[in-house]
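Trainee: Dropping in upload_34.cif, with mmCIF, C-alpha atoms.
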data_start
#
loop_
_atom_site.label_atom_id
_atom_site.label_comp_id
_atom_site.auth_asym_id
_atom_site.auth_seq_id
_atom_site.Cartn_x
_atom_site.Cartn_y
_atom_site.Cartn_z
CA MET A 1 0.00 0.00 0.00
CA LEU A 2 1.40 3.37 -0.99
CA PRO A 3 1.16 6.27 1.47
CA ASP A 4 -1.44 8.91 0.68
CA SER A 5 1.31 11.54 0.65
CA VAL A 6 3.15 9.74 -2.16
CA LEU A 7 -0.02 9.17 -4.19
CA HIS A 8 -0.99 12.82 -3.69
CA ALA A 9 2.43 13.94 -4.98
CA LEU A 10 2.07 11.60 -7.97
CA LYS A 11 -1.38 12.95 -8.83
CA ARG A 12 -0.28 16.54 -8.42
CA THR A 13 2.80 16.00 -10.58
CA TRP A 14 0.84 14.11 -13.22
CA ASP A 15 -1.81 16.84 -13.38
CA VAL A 16 0.86 19.51 -14.05
CA LEU A 17 2.61 17.42 -16.71
CA GLU A 18 -0.63 16.37 -18.38
CA LYS A 19 -1.88 19.98 -18.49
CA ASP A 20 1.36 20.93 -20.26
CA GLY A 21 1.08 18.03 -22.72
CA VAL A 22 4.23 16.29 -21.48
CA GLU A 23 4.68 12.59 -22.31
CA ALA A 24 5.78 10.81 -19.14
CA ALA A 25 5.88 7.42 -17.45
CA LEU A 26 6.06 6.44 -13.82
CA LEU A 27 8.99 4.29 -12.71
CA GLY A 28 10.78 3.54 -9.44
CA GLY A 29 9.19 2.13 -6.31
CA ILE A 30 5.61 2.94 -7.28
CA ALA A 31 6.00 1.13 -10.60
CA VAL A 32 7.54 -1.83 -8.75
CA SER A 33 4.43 -1.93 -6.55
CA ILE A 34 2.13 -1.79 -9.56
CA TRP A 35 4.04 -4.70 -11.09
CA LYS A 36 3.04 -6.83 -8.07
CA HIS A 37 5.95 -6.35 -5.65
CA VAL A 38 4.58 -4.07 -2.98
CA ARG A 39 7.34 -2.31 -1.12
CA ALA A 40 7.70 0.90 0.80
CA THR A 41 8.59 3.96 -1.21
CA LYS A 42 8.70 7.58 -0.19
CA ASP A 43 9.10 9.37 -3.51
CA VAL A 44 7.79 9.66 -7.04
CA ASP A 45 10.02 8.84 -10.00
CA LEU A 46 9.02 9.84 -13.51
CA ILE A 47 10.69 9.77 -16.90
CA LEU A 48 9.68 12.41 -19.46
CA SER A 49 10.06 12.50 -23.20
CA ILE A 50 10.36 16.09 -24.42
CA PRO A 51 12.61 17.97 -26.81
CA ALA A 52 15.85 19.09 -25.12
CA GLY A 53 14.91 22.73 -25.61
CA GLN A 54 11.80 22.31 -23.43
CA VAL A 55 13.48 20.96 -20.29
CA ARG A 56 13.66 24.42 -18.73
CA ASP A 57 9.96 25.00 -19.54
CA VAL A 58 8.97 21.85 -17.65
CA ILE A 59 11.17 22.78 -14.68
CA ASP A 60 9.69 26.29 -14.60
CA GLY A 61 6.15 24.89 -14.87
CA LEU A 62 6.70 22.60 -11.89
CA CYS A 63 8.17 25.49 -9.89
CA ARG A 64 5.16 27.69 -10.72
CA ALA A 65 2.90 24.85 -9.51
CA GLY A 66 4.57 24.95 -6.08
CA PHE A 67 7.20 22.27 -6.50
CA ARG A 68 10.37 23.18 -4.63
CA PRO A 69 13.61 22.24 -6.41
CA ARG A 70 16.20 20.68 -4.10
CA SER A 71 18.80 23.12 -5.39
CA HIS A 72 18.54 26.79 -6.31
CA PRO A 73 18.57 27.35 -9.15
CA PRO A 74 17.26 23.91 -10.13
CA HIS A 75 20.28 21.77 -10.92
CA VAL A 76 20.16 19.24 -13.74
CA VAL A 77 22.22 16.11 -13.03
CA HIS A 78 23.46 14.36 -16.17
CA LEU A 79 23.27 10.57 -15.87
CA ASP A 80 23.63 7.77 -18.39
CA GLY A 81 20.92 8.51 -20.94
CA VAL A 82 18.85 10.88 -18.78
CA ASP A 83 18.99 14.25 -17.09
CA LEU A 84 17.57 14.40 -13.56
CA VAL A 85 16.03 17.21 -11.51
CA GLN A 86 14.79 16.63 -7.96
CA PHE A 87 11.87 18.44 -6.34
CA ASP A 88 9.97 18.34 -3.06
CA VAL A 89 6.18 18.68 -3.02
CA PRO A 90 4.33 19.70 0.15
CA PHE A 91 1.55 17.43 1.37
CA PRO A 92 -1.51 19.57 2.23
CA ASP A 93 -2.12 20.57 5.85
CA SER A 94 1.08 18.98 7.12
CA TYR A 95 4.82 19.45 7.37
CA ILE A 96 5.43 16.48 5.10
CA GLU A 97 7.20 16.91 1.77
CA VAL A 98 7.44 14.17 -0.82
CA GLY A 99 10.37 13.87 -3.19
CA VAL A 100 9.68 13.92 -6.92
CA ASP A 101 12.54 12.88 -9.20
CA VAL A 102 12.01 13.93 -12.81
CA GLN A 103 14.18 12.29 -15.43
CA PHE A 104 14.38 13.68 -18.95
CA ALA A 105 14.98 10.93 -21.52
CA LYS A 106 17.93 11.60 -23.81
CA SER A 107 18.98 8.18 -25.13
CA ASP A 108 17.04 6.19 -27.73
CA PHE A 109 16.40 3.49 -25.13
CA HIS A 110 14.94 5.94 -22.60
CA GLN A 111 12.78 7.50 -25.31
CA GLN A 112 11.53 4.00 -26.14
CA VAL A 113 10.74 3.40 -22.45
CA VAL A 114 8.34 6.35 -22.55
CA GLU A 115 6.86 5.25 -25.89
CA ARG A 116 6.11 1.78 -24.48
CA ARG A 117 4.34 3.11 -21.37
CA ILE A 118 1.09 1.55 -20.14
CA ARG A 119 -1.97 3.29 -18.67
CA GLN A 120 -2.63 2.61 -14.97
CA ALA A 121 -5.71 3.58 -12.96
CA PHE A 122 -5.61 4.75 -9.35
CA PRO A 123 -9.31 4.49 -8.48
CA GLU A 124 -8.86 5.68 -4.89
CA PHE A 125 -7.52 8.97 -6.23
CA GLU A 126 -9.77 9.03 -9.31
CA PHE A 127 -6.99 9.48 -11.83
CA GLU A 128 -4.88 7.58 -14.31
CA CYS A 129 -1.27 7.90 -15.33
CA ASP A 130 1.22 5.99 -17.45
CA ILE A 131 3.82 3.57 -16.08
CA VAL A 132 6.82 1.92 -17.66
CA SER A 133 6.24 -1.56 -19.03
CA CYS A 134 7.25 -4.48 -16.86
CA GLU A 135 10.09 -5.35 -19.23
CA ASP A 136 11.43 -1.80 -19.28
CA LEU A 137 11.23 -1.58 -15.49
CA LEU A 138 13.31 -4.76 -15.29
CA LEU A 139 15.91 -3.36 -17.69
CA LEU A 140 16.07 -0.04 -15.82
CA LYS A 141 16.45 -1.79 -12.46
CA LEU A 142 19.16 -4.14 -13.74
CA HIS A 143 21.02 -1.24 -15.32
CA ALA A 144 20.90 0.79 -12.08
CA GLY A 145 22.50 -2.17 -10.33
CA ARG A 146 22.08 -1.11 -6.68
CA ALA A 147 21.13 -3.86 -4.23
CA ILE A 148 17.55 -2.52 -3.89
CA ASP A 149 17.21 -2.34 -7.68
CA LEU A 150 18.43 -5.91 -8.18
CA ALA A 151 16.04 -7.14 -5.47
CA ASP A 152 13.19 -5.22 -7.11
CA ALA A 153 14.04 -6.78 -10.47
CA ALA A 154 14.10 -10.28 -8.99
CA TYR A 155 10.68 -9.86 -7.36
CA VAL A 156 9.10 -8.18 -10.39
CA LEU A 157 10.39 -11.00 -12.60
CA ARG A 158 9.15 -13.62 -10.15
CA PHE A 159 5.64 -12.16 -9.84
CA ASN A 160 5.23 -11.39 -13.56
CA ALA A 161 7.16 -14.26 -15.18
CA HIS A 162 4.15 -15.53 -17.16
CA GLU A 163 3.56 -12.08 -18.72
CA ILE A 164 7.12 -11.06 -19.58
CA ASP A 165 8.12 -10.56 -23.22
CA ILE A 166 11.41 -12.48 -23.06
CA GLU A 167 12.27 -11.69 -26.69
CA TYR A 168 12.11 -7.96 -25.93
CA LEU A 169 14.32 -8.41 -22.86
CA LEU A 170 16.90 -10.33 -24.87
#
Is it possible to express this structure as structure tokens?

Mentor:
Amino acid sequence: MLPDSVLHALKRTWDVLEKDGVEAALLGGIAVSIWKHVRATKDVDLILSIPAGQVRDVIDGLCRAGFRPRSHPPHVVHLDGVDLVQFDVPFPDSYIEVGVDVQFAKSDFHQQVVERRIRQAFPEFEFECDIVSCEDLLLLKLHAGRAIDLADAAYVLRFNAHEIDIEYLL
């Protein structure tokens, strides 16, 4: 079960991105939970597919919507195939802030991850958003290579083995 604060941050982020016409997909711990391995997560991880020249527009749009960048000015971290900007989003009527990590796809593979996204409903919050496919989540987790990512990949594979497109993975 995901905390209300995390789901609220996801919905709020998704609403801003959707209003601006941004193609995005949910990944990270929430996506792991959706792919049948429920585990605690305290942040929202998204990957966006936009032209490089619009990255600043998305960052500015999130800031205008009340998202607080973790660095001032917002700092873009360049990783393998993506650029990353981290935000905190306040949870209403509390002192809680939820982290939102926004990745901007640069590589062909990361662009493909967004193209292959799947629609997911969150009935308790009356909204839908897109998540990375199970196969792409596995590839992203294996590539990240941290202990938690490898454990996530093992559980996601175990609980979804009968649905996995092995040819795509290979």

Trainee: Take the point (11.2, 26.4, -13.7) in the file's coordinates, draw a sphere of radius 12 Å around it, and report as an MDAnalysis selection string every protein, DNA or RNA residue with an atom inside or on it, counting all atoms listed in the file.

Mentor: chainID A and resid 54:69 71:76 85:87

Trainee: Could you tell me how far CA of Val114 (chain A) sits from CA of Glu18 (chain A), in Å to one decimal place?

Mentor: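 Separation between CA of Glu18 (chain A) and CA of Val114 (chain A): 14.1 Å.
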
Trainee: Can you list, as a list in words, the residues that the PyMOL selection byres ((chain A and resi 104) around 7) selects here?

Mentor: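 When the PyMOL selection byres ((chain A and resi 104) around 7) is applied, the selected residues are Ile47, Leu48, Ser49, Val82, Asp83, Leu84, Val102, Gln103, Ala105 and Lys106 of chain A.
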
Trainee: Extract, using only C-alpha atoms, all DNA, RNA and protein residues at most 12 Å from Ala151 (chain A), discarding same-chain residues fewer than 2 positions from it, and format them as an mmCIF file with C-alpha atoms, in the coordinates of the input.

Mentor:
data_model
loop_
_atom_site.group_PDB
_atom_site.id
_atom_site.type_symbol
_atom_site.label_atom_id
_atom_site.label_comp_id
_atom_site.auth_asym_id
_atom_site.auth_seq_id
_atom_site.Cartn_x
_atom_site.Cartn_y
_atom_site.Cartn_z
ATOM 1 C CA GLY A 29 9.190 2.130 -6.310
ATOM 2 C CA VAL A 32 7.540 -1.830 -8.750
ATOM 3 C CA HIS A 37 5.950 -6.350 -5.650
ATOM 4 C CA ARG A 39 7.340 -2.310 -1.120
ATOM 5 C CA LEU A 138 13.310 -4.760 -15.290
ATOM 6 C CA LYS A 141 16.450 -1.790 -12.460
ATOM 7 C CA LEU A 142 19.160 -4.140 -13.740
ATOM 8 C CA ALA A 144 20.900 0.790 -12.080
ATOM 9 C CA GLY A 145 22.500 -2.170 -10.330
ATOM 10 C CA ARG A 146 22.080 -1.110 -6.680
ATOM 11 C CA ALA A 147 21.130 -3.860 -4.230
ATOM 12 C CA ILE A 148 17.550 -2.520 -3.890
ATOM 13 C CA ASP A 149 17.210 -2.340 -7.680
ATOM 14 C CA ALA A 153 14.040 -6.780 -10.470
ATOM 15 C CA ALA A 154 14.100 -10.280 -8.990
ATOM 16 C CA TYR A 155 10.680 -9.860 -7.360
ATOM 17 C CA VAL A 156 9.100 -8.180 -10.390
ATOM 18 C CA LEU A 157 10.390 -11.000 -12.600
ATOM 19 C CA ARG A 158 9.150 -13.620 -10.150
#

Trainee: Looking at A:Ser107, A:Asp4, A:Val22, A:Ser133, which one is nearest to Ile164 (chain A), with distances taken over all atoms listed in the file?

Mentor: A:Ser133

Trainee: Give as a PyMOL selection string the residues that the PyMOL selection byres ((chain A and resi 6) around 10) matches when applied to the coordinates above.

Mentor: chain A and resi 2-5+7-12+30+41-44+89+91+97-100

Trainee: CA of Asp15 (chain A) to CA of Asp152 (chain A): how many Å, to one decimal?

Mentor: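 So the two atoms, CA of Asp15 (chain A) and CA of Asp152 (chain A), lie 27.4 Å apart.
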
Trainee: So what do you get for CA of Arg119 (chain A) versus CA of Tyr168 (chain A), distance-wise?

Mentor: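 The value is 19.4 Å.
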
Trainee: With distances taken over only C-alpha atoms, which residue among A:Pro90, A:Gly21, A:Pro123, A:Gly28 lies nearest Leu139 (chain A)?

Mentor: A:Gly28

Trainee: I'd like to know which of A:Leu46, A:Gly81, A:Cys129, A:Ala121 is closest to Phe109 (chain A), using all atoms listed in the file.

Mentor: A:Gly81

Trainee: Hey, which of A:Asp93, A:Glu135, A:Asp101, A:Asp108 ends up closest to Arg70 (chain A)? Count only C-alpha atoms.

Mentor: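 Under the stated criterion, the closest residue is A:Asp101.
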